[in-house]
>>> print(open('coords13.txt').read())   # compact mmCIF, C-alpha atoms
# COMPACT_ATOMS: atom_id res chain seq x y z
CA MET A 1114 -31.17 -16.47 39.31
CA ASP A 1115 -31.41 -12.87 38.10
CA LEU A 1116 -27.67 -12.37 38.57
CA GLU A 1117 -26.90 -15.41 36.41
CA MET A 1118 -29.20 -14.16 33.64
CA LEU A 1119 -27.59 -10.73 33.83
CA ILE A 1120 -24.12 -12.22 33.45
CA VAL A 1121 -25.24 -14.40 30.51
CA ASN A 1122 -26.91 -11.39 28.82
CA ILE A 1123 -23.79 -9.26 29.27
CA ALA A 1124 -21.60 -12.06 27.87
CA VAL A 1125 -23.83 -12.53 24.81
CA LEU A 1126 -24.07 -8.80 24.16
CA SER A 1127 -20.31 -8.37 24.44
CA LEU A 1128 -19.78 -11.22 21.96
CA VAL A 1129 -21.99 -9.37 19.47
CA ILE A 1130 -21.24 -5.69 20.13
CA VAL A 1131 -17.46 -5.83 20.60
CA PRO A 1132 -16.69 -7.44 17.18
CA CYS A 1133 -19.07 -5.02 15.45
CA TYR A 1134 -17.38 -2.07 17.13
CA ILE A 1135 -13.94 -3.35 16.13
CA ILE A 1136 -14.98 -3.77 12.49
CA VAL A 1137 -16.46 -0.27 12.35
CA TYR A 1138 -13.40 1.19 14.09
CA ILE A 1139 -10.96 -0.43 11.62
CA GLY A 1140 -13.02 0.73 8.62
CA HIS A 1141 -13.23 4.28 9.96
CA LYS A 1142 -9.49 4.30 10.63
CA GLN A 1143 -8.74 3.32 6.99
CA TYR A 1144 -11.21 5.93 5.73
CA ASN A 1145 -9.45 8.64 7.76
CA LYS A 1146 -6.01 7.39 6.70
CA ILE A 1147 -6.94 7.87 3.04
CA GLY A 1148 -8.26 11.38 3.70
CA LYS A 1149 -5.16 12.44 5.65
CA ARG A 1150 -2.81 11.11 2.98
CA PHE A 1151 -4.83 12.86 0.29
CA GLN A 1152 -4.53 16.19 2.12
CA GLU A 1153 -0.77 15.65 2.57
CA GLU A 1154 -0.36 15.10 -1.17
CA VAL A 1155 -2.42 18.20 -1.94
CA LYS A 1156 -0.04 20.27 0.21
CA ILE A 1157 3.11 18.63 -1.19
CA HIS A 1158 2.10 19.33 -4.81
CA SER A 1159 0.49 22.74 -4.08
CA LEU A 1160 -2.82 21.69 -5.60
CA GLN A 1161 -6.08 23.59 -5.42
CA ILE A 1162 -8.60 20.76 -5.48
CA ASP A 1163 -11.78 21.87 -7.24
CA GLU A 1164 -13.65 18.58 -6.95
CA TYR A 1165 -13.05 15.91 -4.30
CA GLU A 1166 -14.70 12.65 -3.35
CA ARG A 1167 -13.82 9.88 -0.91
CA TRP A 1168 -15.64 6.54 -0.74
CA ASN A 1169 -14.83 2.97 0.29
CA ARG A 1170 -11.06 2.72 -0.13
CA ASN A 1171 -10.66 5.54 -2.68
CA ALA A 1172 -10.15 9.29 -2.74
CA LEU A 1173 -10.15 11.26 -5.99
CA GLY A 1174 -9.56 14.94 -6.53
CA ILE A 1175 -9.06 17.16 -9.53
CA ASP A 1176 -7.30 20.49 -9.90
CA PHE A 1177 -8.69 22.10 -13.06
CA LYS A 1178 -6.15 24.93 -13.11
CA GLN A 1179 -3.05 22.71 -12.95
CA GLN A 1180 -4.79 19.91 -14.89
CA LYS A 1181 -3.92 17.24 -12.32
CA LEU A 1182 -5.92 14.26 -11.07
CA LEU A 1183 -4.93 12.90 -7.64
CA PHE A 1184 -5.91 9.36 -6.70
CA VAL A 1185 -5.33 7.74 -3.29
CA THR A 1186 -6.42 4.17 -2.59
CA ILE A 1187 -5.79 1.21 -0.33
CA GLN A 1188 -5.24 -2.10 -2.13
CA ASN A 1189 -3.81 -5.20 -0.49
CA GLU A 1190 -3.56 -3.16 2.72
CA ALA A 1191 -1.04 -0.83 1.04
CA LEU A 1192 -1.72 2.87 0.51
CA THR A 1193 -1.16 3.93 -3.10
CA VAL A 1194 -0.91 7.52 -4.34
CA LYS A 1195 -1.00 8.40 -8.04
CA MET A 1196 -1.03 11.76 -9.80
CA TYR A 1197 -2.13 11.97 -13.41
CA PRO A 1198 -1.43 15.03 -15.59
CA LEU A 1199 -4.53 15.66 -17.68
CA GLU A 1200 -2.87 17.86 -20.32
CA ASN A 1201 -1.63 14.67 -22.06
CA ILE A 1202 -5.00 12.90 -21.88
CA LYS A 1203 -7.28 12.74 -24.91
CA GLU A 1204 -10.26 11.06 -23.25
CA SER A 1205 -11.53 9.03 -20.31
CA LYS A 1206 -13.75 5.94 -20.49
CA ILE A 1207 -15.43 3.67 -17.97
CA ILE A 1208 -14.35 0.02 -18.23
CA PRO A 1209 -16.54 -2.35 -16.15
CA TYR A 1210 -16.07 -6.10 -15.81
CA PHE A 1211 -19.04 -8.27 -14.86
CA HIS A 1212 -19.71 -11.94 -14.26
CA THR A 1213 -22.99 -13.83 -14.50
CA VAL A 1214 -24.66 -15.02 -11.31
CA LYS A 1215 -27.51 -17.52 -11.22
CA THR A 1216 -29.76 -17.16 -8.19
CA GLY A 1217 -32.61 -19.60 -8.25
CA GLY A 1218 -34.09 -19.19 -11.71
CA LYS A 1219 -32.79 -15.66 -12.24
CA VAL A 1220 -29.63 -14.71 -14.09
CA SER A 1221 -28.03 -11.40 -13.18
CA GLN A 1222 -24.77 -9.54 -13.67
CA LYS A 1223 -22.47 -8.78 -10.74
CA MET A 1224 -19.64 -6.29 -11.05
CA ASP A 1225 -16.13 -7.69 -10.55
CA LYS A 1226 -14.00 -4.67 -11.41
CA LEU A 1227 -14.45 -1.08 -12.48
CA PHE A 1228 -11.80 1.11 -14.07
CA LEU A 1229 -11.43 4.58 -15.49
CA GLU A 1230 -9.28 4.35 -18.59
CA LEU A 1231 -7.27 7.47 -19.43
CA THR A 1232 -6.21 7.51 -23.07
CA PRO A 1233 -3.25 9.75 -23.97
CA TYR A 1234 -2.92 11.46 -27.35
CA ASP A 1235 -0.45 8.85 -28.61
CA GLU A 1236 -2.90 6.10 -27.50
CA ILE A 1237 0.03 3.86 -26.50
CA ASP A 1238 0.28 3.94 -22.71
CA LYS A 1239 -3.33 3.88 -21.54
CA VAL A 1240 -3.77 4.26 -17.78
CA LEU A 1241 -6.29 2.22 -15.79
CA ILE A 1242 -7.49 3.68 -12.50
CA SER A 1243 -9.08 0.93 -10.42
CA LEU A 1244 -12.19 2.30 -8.72
CA TYR A 1245 -13.59 -1.05 -7.63
CA ASP A 1246 -12.29 -4.59 -7.29
CA SER A 1247 -14.48 -7.24 -5.68
CA ASN A 1248 -11.35 -9.00 -4.41
CA HIS A 1249 -10.43 -6.00 -2.24
CA THR A 1250 -13.74 -4.30 -1.49
CA TYR A 1251 -16.74 -6.40 -0.60
CA GLU A 1252 -19.44 -3.77 -0.77
CA GLU A 1253 -20.49 -1.76 -3.76
CA GLU A 1254 -21.25 1.82 -2.80
CA TYR A 1255 -22.75 3.23 -5.98
CA GLU A 1256 -19.48 2.52 -7.76
CA MET A 1257 -20.89 3.10 -11.23
CA LYS A 1258 -22.27 6.51 -10.21
CA HIS A 1259 -18.84 7.48 -8.87
CA ALA A 1260 -17.21 6.32 -12.10
CA GLU A 1261 -19.72 8.22 -14.26
CA LYS A 1262 -19.19 11.39 -12.25
CA TRP A 1263 -15.39 11.25 -12.50
CA ASN A 1264 -15.46 10.23 -16.15
CA LYS A 1265 -17.55 13.30 -16.91
CA LEU A 1266 -15.30 15.61 -14.83
CA ILE A 1267 -12.14 14.32 -16.50
CA ASN A 1268 -13.60 14.54 -20.00
CA ASN A 1269 -14.81 18.10 -19.32
CA ALA A 1270 -11.33 19.08 -18.10
CA VAL A 1271 -9.73 17.45 -21.15
CA ILE A 1272 -12.10 19.21 -23.57
CA LYS A 1273 -11.31 22.60 -21.98
CA THR A 1274 -7.59 21.90 -22.34
CA GLN A 1275 -8.03 20.92 -26.00
CA ARG A 1276 -9.96 24.15 -26.69
CA LYS A 1277 -7.23 26.24 -25.07
CA GLN A 1278 -4.54 24.47 -27.12
CA LYS A 1279 -6.48 25.02 -30.35
CA ALA A 1280 -7.04 28.71 -29.54
CA ALA A 1281 -3.33 29.24 -28.87
>>> encode(input="coords13.txt", output="structure tokens")
Amino acid sequence: MDLEMLIVNIAVLSLVIVPCYIIVYIGHKQYNKIGKRFQEEVKIHSLQIDEYERWNRNALGIDFKQQKLLFVTIQNEALTVKMYPLENIKESKIIPYFHTVKTGGKVSQKMDKLFLELTPYDEIDKVLISLYDSNHTYEEEYEMKHAEKWNKLINNAVIKTQRKQKAA
């Protein structure tokens, strides 16, 4: 009787633990893939990253000296790398998109998407950097705090560039 219970317990535990392990392993593998690709791009472009952050499916880094913003992300299971020159950028803004959710008697707002909008001096070709999309990432990991941090860093870099251009 004890042997049968042991076998049943092992079977139940393996049905719970093995899928959890696989999910964690896949997530960790993607996280490392983003970090490795980010480091490769840093070497390729000879960047000196002053500020770097990696979360969920994103990695962002900024080189204040060369005025470059490097963004690596996974969307639709494809790795995307973008480099943005900040010397042409006038400002950065946070663009969130929400939808209303009714839970019981309460009405609340749930974030659907979150972008950083980079506005160039000519204000024609604005760039949207997707930091969060509920269709691709199911968990919110302080997305607004990440967006606020990077918005501030980019705007500070842009202001310094504008001051240098005015002084010259």
>>> closest_residue(input="coords13.txt", among="A:Asn1201, A:Ser1247, A:Asn1189, A:Asn1145", to="Asp1225 (chain A)", atoms="all atoms listed in the file")
A:Ser1247
>>> closest_residue(input="coords13.txt", among="A:Glu1200, A:Asn1269, A:Gly1148, A:Glu1117", to="Tyr1234 (chain A)", atoms="only C-alpha atoms")
A:Glu1200
>>> closest_residue(input="coords13.txt", among="A:Lys1203, A:Lys1178, A:Lys1195, A:His1158", to="Glu1236 (chain A)", atoms="all atoms listed in the file")
A:Lys1203
>>> residues_around(input="coords13.txt", residues="Gln1180 (chain A)", least_positions_apart="5", cutoff="12 Å", atoms="all atoms listed in the file", output="ChimeraX atom specification")
/A:1160-1164,1174-1175,1196-1202,1266-1275
>>> residues_around(input="coords13.txt", residues="region 1166-1169 of chain A", least_positions_apart="6", cutoff="12 Å", atoms="only C-alpha atoms", output="ChimeraX atom specification")
/A:1140-1152,1175,1182-1188,1244-1247,1249-1256,1258-1260,1262-1263,1266
>>> atom_distance(input="coords13.txt", atom1="CA of Glu1204 (chain A)", atom2="CA of Ala1172 (chain A)")
20.6 Å
>>> closest_residue(input="coords13.txt", among="A:Ser1205, A:Thr1193, A:Asn1122, A:Thr1213", to="Asn1171 (chain A)", atoms="only C-alpha atoms")
A:Thr1193
>>> atom_distance(input="coords13.txt", atom1="CA of Leu1231 (chain A)", atom2="CA of Glu1190 (chain A)")
24.8 Å
